[in-house]
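Q: One structure follows; several queries about it will come next.
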Amino acid sequence: MDDFAANASRRSPMIFGGTSPAEKTESEASMGVLSHLQVIEIGSSAATSYCARLFADFGADVHKIEPPAGDPLRRSPPLTPGGQSAWFAFLSFNKSSIVIDPTDQDAIARLMRLIENCDILVDGRDVDPADCPALDIAAIRERHPGLIYVQGSWFGRDGPYAQFSATDSTLRALAGLVKLVGPIEGPPLHAPDFQTGILAGLWGFIAAASSELARMQGDTGRSWSLSIFESSLTLSEYLMSEAFARGDVMRRIGINRFWPGSPVGIYETRKGWLGVTIATPKQWRAFCDMLGLCKYGDDPALVVGDDRVKHLEYMERLFMPRLKTRTAQEWFTEGLQRKIPMVPVPEISDLLQDPEKKARGAIVPVLLGGEEAFTAGSMQHLTLTPPRRGGKVPAPGEQQVFAKVRTCLRLPPRGASDWIDAGRQPLYGIRVIDFCMGWAGPLCTRSLADLGADVIKIEAVQYPDWMRGLDRRRAYVDSQKYEKTAPFCIMNRNKRGITLDLTRPEGLALAKRLVAEADIVIDNYSVNVLPKLGLGYDVLRTLNPRLVMMSMSAFGADSAHRDCRAYGSTLEQGSGLPSVIGHADGPPVMSHLAFGDAVGGLNGGAAVLVALIHARNTGRGQFIDLAQIECMVPFAAPWITAHSIGAVSPPRYGNRHPQFVPHGCFRCAGEDNWIVVTATDKDMWHRLALLIGRADWANDASLECPEARRSIEDLIETAIEGWTLARDADQAMSELQAVRVAAGVARLPIDLLKDPHLESRAFLQEIERAFIGVHPQPSMPIREGARPYTVRTAAPTLGQHNREILSELLGLSDEEIAQLVRAGIIGTAMLSEGELEDGKKVSSE
């Protein structure tokens, strides 16, 4: 028997014994809060590999099962000077490797012993089996009912795309993440690989960690299917909701230009590139004033982003030359003073020279082979039980031994009938107080609500969630348009909503009473907002010692840039990712969405689940200082690693690929119709060449390797486009997929509302809500059965649950609630800009 299997014990829910809570906390902090867990990773998939790495970050004993030749990801570029995969290094440090040869007589039995003695099985075989022996998962789970199982696949277990060949780029094209980026005339410009695995890996971790929380409360192990495609729609769902509300109005409007707001992009300065995001009327006025364009800041036709985008070309001709008069760093300093969301756009070398990122653990040392390098660390910045700071990448078959928490006692095995209600969602019974606005924070709390938590969203009639709309003019407020914004409804489903004026003693006291009985508090304000109101962690922990509190600020509570205003686009601009996207002679390129928001939200969900596991084990809460800009660093991780060793600036490939030839975005019949096509190996290349009528290429043995095809890449791309131009994009995809060639139509967000695969999987659920009626809600990309979890309730209207929460949870009488209404502490109608000013005058008098 393997040493791992011999020393492991099959564990059902854990309890601690023999040590004090203080001793347990100290051991978990030094050894890892998840060090009582053992994880097995099978198959080869970036998504499941990243899921497993997140467990390793917090001390879990993770064993990666590989074939004798090693995981295929070990050969993924970019490569270090020593020939090691920088991508594999990011996915795999602090794991152990177990090599199992499927030709060995004992292979299946050996693997079964490993799995039956672990807590969590993460399965990427649907993406690439990597010679893993066949397994009867149902039989394993019957014998091991406490096992948590996460199975990843490109498109899920069923549906029209279920058997599609896929790559990161073809999947992102189908997910609406390609077509809106790039020059107006095309082709659309897509980012390099690595995005889908990180997004899906976070979702897989959320599924497994929430299951561990449920198991600690007496639940059986849960089985999840994870769709990498649907995980990528986490980035698209904002624009999908806008498309539902506004119709077919989105088009590609140029590199670093974005619908519906402006200016949002990357601009050249005297030295360096500057990321700019102007959202509110106040920011627009400050931006114009800074550049000496004051009359435009006060122009009523340019107050909101929807209006400014109509005049973007004219406005850019005015302000772009002025931005070139100073350096990016000088504009950044000016922006801080004026509270304008602007940030320098770093190169990869700049990230490696940033002492703050290393000090906070966003960039950590890693040893791979004989090479010392850096890569992206864990972004879940738990302050009491922090993640590991770097580590070693295992060679095939290499075991890594870490100190473990040995204070866990195994509960006796139980029959299935002894487990708690199997239909209960994993976070049932957990209460979350949600001080969040916009996208990132609400997405984090929505993921908890979707998994069964009771999320209470706190707004104020004076300052409601800005996702309801930034327009505070009287006409907007009186028509209650703030109740009709589709993105708000998408981000805030399954929550209860209450309004409290936190600047008043009565509102503050009620908020504290809610926190005293909660498990989690989350905010994504600037770092000083809640502390100034008297709701900082130092105060709240005295009310509730087991409280997990997370601040989701842009740069982190202790950052030198903590006062910088930021949106999701600002986070992307400052992450280093744009510097590796686009063409060698072009500018850094952004995605057509607030990338950082969704990524920050998912990382936040992962972080609070880890902290909650610790709190449930020890009775002690903690503070999480999550910096959203750091959550973007993993998307640049491979280049960080390669550059940290070789000091060579990463090449930019445009729509080409360092490993796959061909790889590009090709025009199809009709107006602005495109498809992403790639050949990932010699067999796929052979099938592609035959399909497009180039049997000579298919039969040419010298073209079997991608390096040889690189020499005629222009010719190959011309031939592919000659073939695709004669076909509708969907027809081209159908023919390519029929011969198992990876291809994906470049969709618009509005196309996803009628996507046949999503329809077949009931991904979009129709929900009724006051003011907007029936509207689509995207499901989570993780599901326990054939269908997704049902959306329980629509997003709350402003103050919808005031009476329910104040009466049932806090015990206030009808008269006390009425008095709060009369005093303006609570309410159900948003105040206009004029009403706010009147209120300030009254309070000052």
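A note on labels: chains of the structure tokens are A, B, ... as shown, every chain counts residues from 1, and ligands are counted from 1 in their shown order.
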Mind checking which residues fall within 12 Å of A:Arg474, counting only C-alpha atoms, ignoring those fewer than 4 positions away in the same chain, and posting them as number ranges by chain?

A: A: 478-482, 830-836

Q: Those same residues, written as a PDB file, in the first residue's frame with N, CA, C and O atoms?

A:
```
ATOM      1  N   ASP A 478     -37.545  60.004  -9.977  1.00  0.00           N
ATOM      2  CA  ASP A 478     -39.013  60.003  -9.906  1.00  0.00           C
ATOM      3  C   ASP A 478     -39.634  58.889 -10.737  1.00  0.00           C
ATOM      4  O   ASP A 478     -40.697  58.353 -10.403  1.00  0.00           O
ATOM      5  N   SER A 479     -38.962  58.518 -11.826  1.00  0.00           N
ATOM      6  CA  SER A 479     -39.478  57.431 -12.667  1.00  0.00           C
ATOM      7  C   SER A 479     -39.070  56.050 -12.145  1.00  0.00           C
ATOM      8  O   SER A 479     -39.402  55.037 -12.753  1.00  0.00           O
ATOM      9  N   GLN A 480     -38.353  56.038 -11.023  1.00  0.00           N
ATOM     10  CA  GLN A 480     -37.891  54.804 -10.365  1.00  0.00           C
ATOM     11  C   GLN A 480     -37.075  53.915 -11.292  1.00  0.00           C
ATOM     12  O   GLN A 480     -37.141  52.688 -11.247  1.00  0.00           O
ATOM     13  N   LYS A 481     -36.265  54.555 -12.130  1.00  0.00           N
ATOM     14  CA  LYS A 481     -35.396  53.777 -13.011  1.00  0.00           C
ATOM     15  C   LYS A 481     -34.359  52.990 -12.229  1.00  0.00           C
ATOM     16  O   LYS A 481     -33.812  52.006 -12.729  1.00  0.00           O
ATOM     17  N   TYR A 482     -34.099  53.416 -11.001  1.00  0.00           N
ATOM     18  CA  TYR A 482     -33.155  52.695 -10.163  1.00  0.00           C
ATOM     19  C   TYR A 482     -33.662  51.297  -9.796  1.00  0.00           C
ATOM     20  O   TYR A 482     -32.901  50.480  -9.274  1.00  0.00           O
ATOM     21  N   MET A 830     -35.399  56.070  -3.384  1.00  0.00           N
ATOM     22  CA  MET A 830     -34.095  56.709  -3.530  1.00  0.00           C
ATOM     23  C   MET A 830     -34.240  58.229  -3.515  1.00  0.00           C
ATOM     24  O   MET A 830     -35.201  58.788  -4.065  1.00  0.00           O
ATOM     25  N   LEU A 831     -33.286  58.919  -2.888  1.00  0.00           N
ATOM     26  CA  LEU A 831     -33.295  60.378  -2.864  1.00  0.00           C
ATOM     27  C   LEU A 831     -32.538  60.925  -4.071  1.00  0.00           C
ATOM     28  O   LEU A 831     -31.502  60.391  -4.465  1.00  0.00           O
ATOM     29  N   SER A 832     -33.070  61.986  -4.641  1.00  0.00           N
ATOM     30  CA  SER A 832     -32.403  62.631  -5.773  1.00  0.00           C
ATOM     31  C   SER A 832     -31.250  63.491  -5.267  1.00  0.00           C
ATOM     32  O   SER A 832     -31.088  63.716  -4.060  1.00  0.00           O
ATOM     33  N   GLU A 833     -30.456  63.992  -6.220  1.00  0.00           N
ATOM     34  CA  GLU A 833     -29.330  64.850  -5.873  1.00  0.00           C
ATOM     35  C   GLU A 833     -29.802  66.090  -5.122  1.00  0.00           C
ATOM     36  O   GLU A 833     -29.200  66.506  -4.132  1.00  0.00           O
ATOM     37  N   GLY A 834     -30.930  66.674  -5.568  1.00  0.00           N
ATOM     38  CA  GLY A 834     -31.465  67.848  -4.893  1.00  0.00           C
ATOM     39  C   GLY A 834     -31.928  67.549  -3.488  1.00  0.00           C
ATOM     40  O   GLY A 834     -31.687  68.335  -2.555  1.00  0.00           O
ATOM     41  N   GLU A 835     -32.585  66.416  -3.314  1.00  0.00           N
ATOM     42  CA  GLU A 835     -33.047  66.029  -1.981  1.00  0.00           C
ATOM     43  C   GLU A 835     -31.880  65.761  -1.042  1.00  0.00           C
ATOM     44  O   GLU A 835     -31.946  66.062   0.162  1.00  0.00           O
ATOM     45  N   LEU A 836     -30.808  65.200  -1.577  1.00  0.00           N
ATOM     46  CA  LEU A 836     -29.626  64.985  -0.750  1.00  0.00           C
ATOM     47  C   LEU A 836     -29.049  66.303  -0.262  1.00  0.00           C
ATOM     48  O   LEU A 836     -28.680  66.446   0.904  1.00  0.00           O
TER      49      LEU A 836
END
```

Q: When you look at A:Gly596 with a cut-off of 6 Å (counting only C-alpha atoms), what residues show up, excluding the ones that are within fewer than 4 positions of it in the same chain? I need them as a ChimeraX atom specification.

A: /A:568,571-572,600

Q: Taking 3 positions as the minimum chain separation for residues in the same chain, which residues sit within 8 Å of A:Pro778 when counting only C-alpha atoms? Answer as a list in words.

A: Glu237, Ile490, Phe763, Leu764 and Gln765 of chain A

Q: How would the residues just picked look written out with all heavy atoms as a PDB file, in the first residue's frame?

A:
```
ATOM      1  N   GLU A 237     -21.934  37.872 -17.958  1.00  0.00           N
ATOM      2  CA  GLU A 237     -23.325  38.023 -17.548  1.00  0.00           C
ATOM      3  C   GLU A 237     -23.744  39.486 -17.375  1.00  0.00           C
ATOM      4  O   GLU A 237     -24.909  39.819 -17.587  1.00  0.00           O
ATOM      5  CB  GLU A 237     -23.590  37.232 -16.268  1.00  0.00           C
ATOM      6  CG  GLU A 237     -22.784  37.655 -15.074  1.00  0.00           C
ATOM      7  CD  GLU A 237     -23.063  36.750 -13.863  1.00  0.00           C
ATOM      8  OE1 GLU A 237     -23.469  35.585 -14.033  1.00  0.00           O
ATOM      9  OE2 GLU A 237     -22.864  37.237 -12.750  1.00  0.00           O
ATOM     10  N   ILE A 490     -29.345  41.053 -11.650  1.00  0.00           N
ATOM     11  CA  ILE A 490     -28.521  39.860 -11.840  1.00  0.00           C
ATOM     12  C   ILE A 490     -27.623  39.629 -10.628  1.00  0.00           C
ATOM     13  O   ILE A 490     -27.466  38.503 -10.155  1.00  0.00           O
ATOM     14  CB  ILE A 490     -27.663  40.005 -13.113  1.00  0.00           C
ATOM     15  CG1 ILE A 490     -28.542  40.055 -14.359  1.00  0.00           C
ATOM     16  CG2 ILE A 490     -26.640  38.871 -13.213  1.00  0.00           C
ATOM     17  CD1 ILE A 490     -29.279  38.793 -14.661  1.00  0.00           C
ATOM     18  N   PHE A 763     -29.604  26.904 -18.297  1.00  0.00           N
ATOM     19  CA  PHE A 763     -28.663  27.800 -17.620  1.00  0.00           C
ATOM     20  C   PHE A 763     -29.311  29.134 -17.282  1.00  0.00           C
ATOM     21  O   PHE A 763     -29.074  29.704 -16.209  1.00  0.00           O
ATOM     22  CB  PHE A 763     -27.429  28.005 -18.502  1.00  0.00           C
ATOM     23  CG  PHE A 763     -26.422  28.961 -17.911  1.00  0.00           C
ATOM     24  CD1 PHE A 763     -25.564  28.540 -16.916  1.00  0.00           C
ATOM     25  CD2 PHE A 763     -26.334  30.284 -18.352  1.00  0.00           C
ATOM     26  CE1 PHE A 763     -24.637  29.418 -16.359  1.00  0.00           C
ATOM     27  CE2 PHE A 763     -25.407  31.156 -17.815  1.00  0.00           C
ATOM     28  CZ  PHE A 763     -24.558  30.726 -16.809  1.00  0.00           C
ATOM     29  N   LEU A 764     -30.108  29.673 -18.203  1.00  0.00           N
ATOM     30  CA  LEU A 764     -30.800  30.934 -17.954  1.00  0.00           C
ATOM     31  C   LEU A 764     -32.190  30.641 -17.398  1.00  0.00           C
ATOM     32  O   LEU A 764     -32.998  29.967 -18.033  1.00  0.00           O
ATOM     33  CB  LEU A 764     -30.894  31.759 -19.239  1.00  0.00           C
ATOM     34  CG  LEU A 764     -29.561  32.310 -19.757  1.00  0.00           C
ATOM     35  CD1 LEU A 764     -29.734  32.895 -21.142  1.00  0.00           C
ATOM     36  CD2 LEU A 764     -28.993  33.351 -18.803  1.00  0.00           C
ATOM     37  N   GLN A 765     -32.450  31.156 -16.206  1.00  0.00           N
ATOM     38  CA  GLN A 765     -33.736  30.944 -15.548  1.00  0.00           C
ATOM     39  C   GLN A 765     -34.560  32.233 -15.628  1.00  0.00           C
ATOM     40  O   GLN A 765     -34.035  33.316 -15.373  1.00  0.00           O
ATOM     41  CB  GLN A 765     -33.525  30.554 -14.086  1.00  0.00           C
ATOM     42  CG  GLN A 765     -32.656  29.321 -13.911  1.00  0.00           C
ATOM     43  CD  GLN A 765     -32.469  28.953 -12.450  1.00  0.00           C
ATOM     44  OE1 GLN A 765     -33.411  29.007 -11.656  1.00  0.00           O
ATOM     45  NE2 GLN A 765     -31.251  28.569 -12.086  1.00  0.00           N
TER      46      GLN A 765
END
```

Q: Kindly indicate which residue among A:Gly670, A:Pro662, A:Gly397, A:Gly70 lies nearest to A:His686, using only C-alpha atoms for the distances.

A: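 Among the listed residues, the smallest separation from A:His686 belongs to A:Pro662.
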
Q: What's around A:Val461 at 7 Å? Count only C-alpha atoms, leave out sequence neighbours fewer than 2 positions away in its own chain, and write the answer as a short mmCIF file (atom, residue, chain, number, x, y, z; two decimals) with all heavy atoms, in the first residue's frame.

A:
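And here is the file that came out, result.cif:
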```cif
data_model
loop_
_atom_site.label_atom_id
_atom_site.label_comp_id
_atom_site.auth_asym_id
_atom_site.auth_seq_id
_atom_site.Cartn_x
_atom_site.Cartn_y
_atom_site.Cartn_z
N GLU A 459 -28.40 48.85 2.15
CA GLU A 459 -28.24 50.06 1.34
C GLU A 459 -28.75 51.25 2.15
O GLU A 459 -29.08 51.12 3.33
CB GLU A 459 -29.03 49.94 0.04
CG GLU A 459 -28.65 48.77 -0.85
CD GLU A 459 -29.49 48.71 -2.11
OE1 GLU A 459 -29.21 49.47 -3.05
OE2 GLU A 459 -30.46 47.92 -2.14
N TYR A 463 -27.79 56.76 -0.32
CA TYR A 463 -26.71 56.23 -1.15
C TYR A 463 -26.94 54.75 -1.42
O TYR A 463 -26.30 53.88 -0.84
CB TYR A 463 -25.34 56.44 -0.47
CG TYR A 463 -25.02 57.88 -0.22
CD1 TYR A 463 -25.14 58.44 1.05
CD2 TYR A 463 -24.60 58.70 -1.27
CE1 TYR A 463 -24.85 59.77 1.27
CE2 TYR A 463 -24.31 60.03 -1.06
CZ TYR A 463 -24.44 60.57 0.21
OH TYR A 463 -24.16 61.90 0.43
N PRO A 464 -27.86 54.42 -2.32
CA PRO A 464 -28.09 53.01 -2.66
C PRO A 464 -26.96 52.46 -3.52
O PRO A 464 -26.07 53.21 -3.96
CB PRO A 464 -29.41 53.06 -3.44
CG PRO A 464 -29.43 54.43 -4.04
CD PRO A 464 -28.74 55.33 -3.07
N THR A 499 -32.74 49.03 4.09
CA THR A 499 -32.07 50.33 4.02
C THR A 499 -31.80 50.83 5.43
O THR A 499 -32.67 50.75 6.32
CB THR A 499 -32.93 51.37 3.28
OG1 THR A 499 -34.24 51.39 3.85
CG2 THR A 499 -33.04 51.03 1.80
N GLY A 827 -36.18 53.54 4.45
CA GLY A 827 -37.11 54.01 3.43
C GLY A 827 -37.12 53.07 2.25
O GLY A 827 -36.37 52.08 2.21
N THR A 828 -37.92 53.39 1.28
CA THR A 828 -38.05 52.54 0.09
C THR A 828 -37.94 53.34 -1.20
O THR A 828 -38.19 52.80 -2.28
CB THR A 828 -39.40 51.80 0.11
OG1 THR A 828 -40.46 52.75 0.21
CG2 THR A 828 -39.48 50.82 1.28
N ALA A 829 -37.58 54.61 -1.12
CA ALA A 829 -37.46 55.44 -2.32
C ALA A 829 -36.11 56.16 -2.31
O ALA A 829 -35.73 56.79 -1.31
CB ALA A 829 -38.59 56.46 -2.38
N MET A 830 -35.40 56.07 -3.38
CA MET A 830 -34.09 56.71 -3.53
C MET A 830 -34.24 58.23 -3.51
O MET A 830 -35.20 58.79 -4.06
CB MET A 830 -33.47 56.25 -4.85
CG MET A 830 -32.15 56.87 -5.23
SD MET A 830 -31.57 56.12 -6.80
CE MET A 830 -30.22 57.19 -7.23
N LEU A 831 -33.29 58.92 -2.89
CA LEU A 831 -33.30 60.38 -2.86
C LEU A 831 -32.54 60.93 -4.07
O LEU A 831 -31.50 60.39 -4.46
CB LEU A 831 -32.64 60.90 -1.59
CG LEU A 831 -33.28 60.49 -0.26
CD1 LEU A 831 -32.61 61.23 0.89
CD2 LEU A 831 -34.78 60.76 -0.26
#
```

Q: Among stretch 578-815 of chain A, which residues does DSSP mark as strand (DSSP E) when it is run on the backbone? Keep the chain and numbering as in the structure and answer as a PyMOL selection string.

A: chain A and resi 622-627+663-667+674-678+742-745+764-769+773-778+782-783

Q: Give me a file of those residues, with N, CA and C atoms, as an mmCIF file, in the first residue's frame.

A:
```
data_model
loop_
_atom_site.group_PDB
_atom_site.id
_atom_site.type_symbol
_atom_site.label_atom_id
_atom_site.label_comp_id
_atom_site.auth_asym_id
_atom_site.auth_seq_id
_atom_site.Cartn_x
_atom_site.Cartn_y
_atom_site.Cartn_z
ATOM 1 N N GLN A 622 -11.977 36.140 11.827
ATOM 2 C CA GLN A 622 -10.779 36.874 11.435
ATOM 3 C C GLN A 622 -11.120 37.878 10.354
ATOM 4 N N PHE A 623 -10.141 38.728 10.061
ATOM 5 C CA PHE A 623 -10.283 39.764 9.041
ATOM 6 C C PHE A 623 -9.589 39.309 7.762
ATOM 7 N N ILE A 624 -10.242 39.539 6.643
ATOM 8 C CA ILE A 624 -9.669 39.224 5.334
ATOM 9 C C ILE A 624 -9.460 40.532 4.584
ATOM 10 N N ASP A 625 -8.223 40.799 4.241
ATOM 11 C CA ASP A 625 -7.873 42.012 3.496
ATOM 12 C C ASP A 625 -7.646 41.616 2.040
ATOM 13 N N LEU A 626 -8.726 41.557 1.273
ATOM 14 C CA LEU A 626 -8.636 41.125 -0.118
ATOM 15 C C LEU A 626 -8.444 42.342 -1.013
ATOM 16 N N ALA A 627 -7.333 42.364 -1.729
ATOM 17 C CA ALA A 627 -7.056 43.439 -2.686
ATOM 18 C C ALA A 627 -7.473 42.976 -4.069
ATOM 19 N N HIS A 663 -3.812 29.065 -35.237
ATOM 20 C CA HIS A 663 -4.599 29.539 -34.105
ATOM 21 C C HIS A 663 -4.966 30.985 -34.433
ATOM 22 N N GLY A 664 -6.252 31.232 -34.668
ATOM 23 C CA GLY A 664 -6.624 32.596 -35.031
ATOM 24 C C GLY A 664 -8.115 32.799 -35.081
ATOM 25 N N CYS A 665 -8.495 34.027 -35.419
ATOM 26 C CA CYS A 665 -9.889 34.426 -35.529
ATOM 27 C C CYS A 665 -10.144 34.772 -36.998
ATOM 28 N N PHE A 666 -11.062 34.033 -37.637
ATOM 29 C CA PHE A 666 -11.224 34.098 -39.082
ATOM 30 C C PHE A 666 -12.615 34.599 -39.466
ATOM 31 N N ARG A 667 -12.650 35.409 -40.520
ATOM 32 C CA ARG A 667 -13.901 36.002 -40.986
ATOM 33 C C ARG A 667 -14.780 34.950 -41.669
ATOM 34 N N TRP A 674 -17.372 35.993 -37.237
ATOM 35 C CA TRP A 674 -16.023 35.478 -37.038
ATOM 36 C C TRP A 674 -16.058 34.146 -36.294
ATOM 37 N N ILE A 675 -14.986 33.391 -36.468
ATOM 38 C CA ILE A 675 -14.853 32.124 -35.761
ATOM 39 C C ILE A 675 -13.394 31.934 -35.348
ATOM 40 N N VAL A 676 -13.180 31.437 -34.144
ATOM 41 C CA VAL A 676 -11.838 31.100 -33.669
ATOM 42 C C VAL A 676 -11.595 29.627 -33.966
ATOM 43 N N VAL A 677 -10.469 29.344 -34.618
ATOM 44 C CA VAL A 677 -10.111 27.981 -35.029
ATOM 45 C C VAL A 677 -8.681 27.707 -34.593
ATOM 46 N N THR A 678 -8.448 26.487 -34.129
ATOM 47 C CA THR A 678 -7.081 26.117 -33.765
ATOM 48 C C THR A 678 -6.884 24.622 -33.937
ATOM 49 N N ALA A 742 -11.032 22.006 -32.970
ATOM 50 C CA ALA A 742 -11.466 23.005 -31.996
ATOM 51 C C ALA A 742 -11.858 24.291 -32.709
ATOM 52 N N ALA A 743 -13.089 24.721 -32.508
ATOM 53 C CA ALA A 743 -13.597 25.927 -33.159
ATOM 54 C C ALA A 743 -14.735 26.496 -32.327
ATOM 55 N N GLY A 744 -14.832 27.817 -32.293
ATOM 56 C CA GLY A 744 -15.917 28.465 -31.579
ATOM 57 C C GLY A 744 -16.307 29.766 -32.249
ATOM 58 N N VAL A 745 -17.597 29.952 -32.508
ATOM 59 C CA VAL A 745 -18.097 31.196 -33.090
ATOM 60 C C VAL A 745 -17.860 32.334 -32.110
ATOM 61 N N LEU A 764 -30.108 29.673 -18.203
ATOM 62 C CA LEU A 764 -30.800 30.934 -17.954
ATOM 63 C C LEU A 764 -32.190 30.641 -17.398
ATOM 64 N N GLN A 765 -32.450 31.156 -16.206
ATOM 65 C CA GLN A 765 -33.736 30.944 -15.548
ATOM 66 C C GLN A 765 -34.560 32.233 -15.628
ATOM 67 N N GLU A 766 -35.823 32.114 -15.971
ATOM 68 C CA GLU A 766 -36.692 33.288 -16.080
ATOM 69 C C GLU A 766 -37.335 33.568 -14.724
ATOM 70 N N ILE A 767 -37.127 34.804 -14.247
ATOM 71 C CA ILE A 767 -37.575 35.205 -12.914
ATOM 72 C C ILE A 767 -38.449 36.447 -13.042
ATOM 73 N N GLU A 768 -39.507 36.511 -12.272
ATOM 74 C CA GLU A 768 -40.411 37.664 -12.249
ATOM 75 C C GLU A 768 -39.975 38.613 -11.134
ATOM 76 N N ARG A 769 -39.929 39.895 -11.442
ATOM 77 C CA ARG A 769 -39.598 40.899 -10.429
ATOM 78 C C ARG A 769 -40.381 42.168 -10.694
ATOM 79 N N GLY A 773 -40.392 42.994 -14.568
ATOM 80 C CA GLY A 773 -41.111 41.813 -15.020
ATOM 81 C C GLY A 773 -40.214 40.598 -15.154
ATOM 82 N N VAL A 774 -40.523 39.755 -16.132
ATOM 83 C CA VAL A 774 -39.760 38.524 -16.331
ATOM 84 C C VAL A 774 -38.416 38.858 -16.979
ATOM 85 N N HIS A 775 -37.364 38.313 -16.410
ATOM 86 C CA HIS A 775 -36.026 38.572 -16.937
ATOM 87 C C HIS A 775 -35.157 37.338 -16.704
ATOM 88 N N PRO A 776 -34.090 37.145 -17.507
ATOM 89 C CA PRO A 776 -33.244 35.953 -17.369
ATOM 90 C C PRO A 776 -32.217 36.116 -16.261
ATOM 91 N N GLN A 777 -32.007 35.053 -15.529
ATOM 92 C CA GLN A 777 -30.977 34.995 -14.505
ATOM 93 C C GLN A 777 -30.009 33.859 -14.843
ATOM 94 N N PRO A 778 -28.701 34.136 -14.937
ATOM 95 C CA PRO A 778 -27.739 33.059 -15.193
ATOM 96 C C PRO A 778 -27.569 32.182 -13.967
ATOM 97 N N ILE A 782 -21.661 25.562 -11.435
ATOM 98 C CA ILE A 782 -21.505 24.336 -10.664
ATOM 99 C C ILE A 782 -22.896 23.817 -10.336
ATOM 100 N N ARG A 783 -23.090 22.530 -10.468
ATOM 101 C CA ARG A 783 -24.392 21.953 -10.162
ATOM 102 C C ARG A 783 -24.216 20.544 -9.607
#
```

Q: Could you check which of A:Ala139, A:Arg125, A:Pro145, A:Leu174 is closest to A:Leu752, using only C-alpha atoms?

A: A:Leu174

Q: List as a list in words the protein and nucleic acid residues near A:Gln399, meaning an atom at most 8 Å away when only C-alpha atoms are counted, but skip any in the same chain fewer than 3 places from it.

A: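 The contact residues come out as Lys95, Ser96, Ser97, Ile98 and Pro394 of chain A.
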
Q: Kindly save the residues from that selection, with all heavy atoms included, as a short mmCIF file (atom, residue, chain, number, x, y, z; two decimals), in the first residue's frame.

A:
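Dumped to again_5.cif:
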```cif
data_model
loop_
_atom_site.label_atom_id
_atom_site.label_comp_id
_atom_site.auth_asym_id
_atom_site.auth_seq_id
_atom_site.Cartn_x
_atom_site.Cartn_y
_atom_site.Cartn_z
N LYS A 95 2.18 20.87 -4.26
CA LYS A 95 1.51 19.59 -4.39
C LYS A 95 2.56 18.48 -4.36
O LYS A 95 3.75 18.72 -4.52
CB LYS A 95 0.74 19.51 -5.72
CG LYS A 95 -0.37 20.53 -5.88
CD LYS A 95 -1.03 20.38 -7.25
CE LYS A 95 -2.09 21.44 -7.48
NZ LYS A 95 -2.71 21.33 -8.83
N SER A 96 2.09 17.25 -4.17
CA SER A 96 2.91 16.08 -4.38
C SER A 96 2.48 15.42 -5.69
O SER A 96 1.36 15.63 -6.16
CB SER A 96 2.76 15.09 -3.22
OG SER A 96 3.36 15.61 -2.05
N SER A 97 3.36 14.62 -6.26
CA SER A 97 3.06 13.92 -7.50
C SER A 97 3.14 12.42 -7.26
O SER A 97 4.08 11.93 -6.62
CB SER A 97 4.05 14.34 -8.60
OG SER A 97 3.94 13.49 -9.73
N ILE A 98 2.15 11.71 -7.76
CA ILE A 98 2.16 10.25 -7.73
C ILE A 98 2.01 9.76 -9.17
O ILE A 98 1.03 10.09 -9.85
CB ILE A 98 1.01 9.69 -6.86
CG1 ILE A 98 1.21 10.11 -5.40
CG2 ILE A 98 0.93 8.17 -6.98
CD1 ILE A 98 0.08 9.67 -4.48
N PRO A 394 6.55 19.93 -7.79
CA PRO A 394 7.08 18.56 -7.70
C PRO A 394 7.53 18.03 -9.05
O PRO A 394 6.92 18.31 -10.08
CB PRO A 394 5.88 17.76 -7.18
CG PRO A 394 4.69 18.50 -7.73
CD PRO A 394 5.08 19.96 -7.67
#
```

Q: Excluding A:Ile206 and its own-chain neighbours fewer than 4 positions away, which residues fall within 8 Å of it when counting only C-alpha atoms? Please give them as number ranges by chain.

A: A: 202, 210, 605-606, 609

Q: When you draw a straight line from atom CA of A:Leu577 to atom CA of A:Glu372, how long is it in Å?

A: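 Interatomic distance, atom CA of A:Leu577 to atom CA of A:Glu372: 22.5 Å.
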
Q: Residues at most 8 Å from A:Tyr267, counting only C-alpha atoms, excluding those fewer than 3 positions away in the same chain, as a PyMOL selection string?

A: chain A and resi 273-276+320+323

Q: For N, CA and C atoms, I'd like the residues from the last selection saved as a compact mmCIF listing (two decimals), in the first residue's frame.

A:
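Written file, result.txt:
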```txt
# COMPACT_ATOMS: atom_id res chain seq x y z
N TRP A 273 2.00 54.03 -20.24
CA TRP A 273 0.59 54.00 -20.58
C TRP A 273 -0.25 54.21 -19.34
N LEU A 274 -1.38 54.86 -19.52
CA LEU A 274 -2.26 55.22 -18.39
C LEU A 274 -3.62 54.59 -18.58
N GLY A 275 -4.09 53.87 -17.57
CA GLY A 275 -5.45 53.35 -17.58
C GLY A 275 -6.40 54.37 -17.00
N VAL A 276 -7.47 54.65 -17.71
CA VAL A 276 -8.46 55.65 -17.31
C VAL A 276 -9.84 55.01 -17.28
N MET A 320 -6.46 63.24 -25.70
CA MET A 320 -5.29 62.37 -25.86
C MET A 320 -3.98 63.14 -26.01
N LEU A 323 -2.85 64.26 -22.56
CA LEU A 323 -2.30 63.21 -21.71
C LEU A 323 -0.82 62.95 -22.01
```
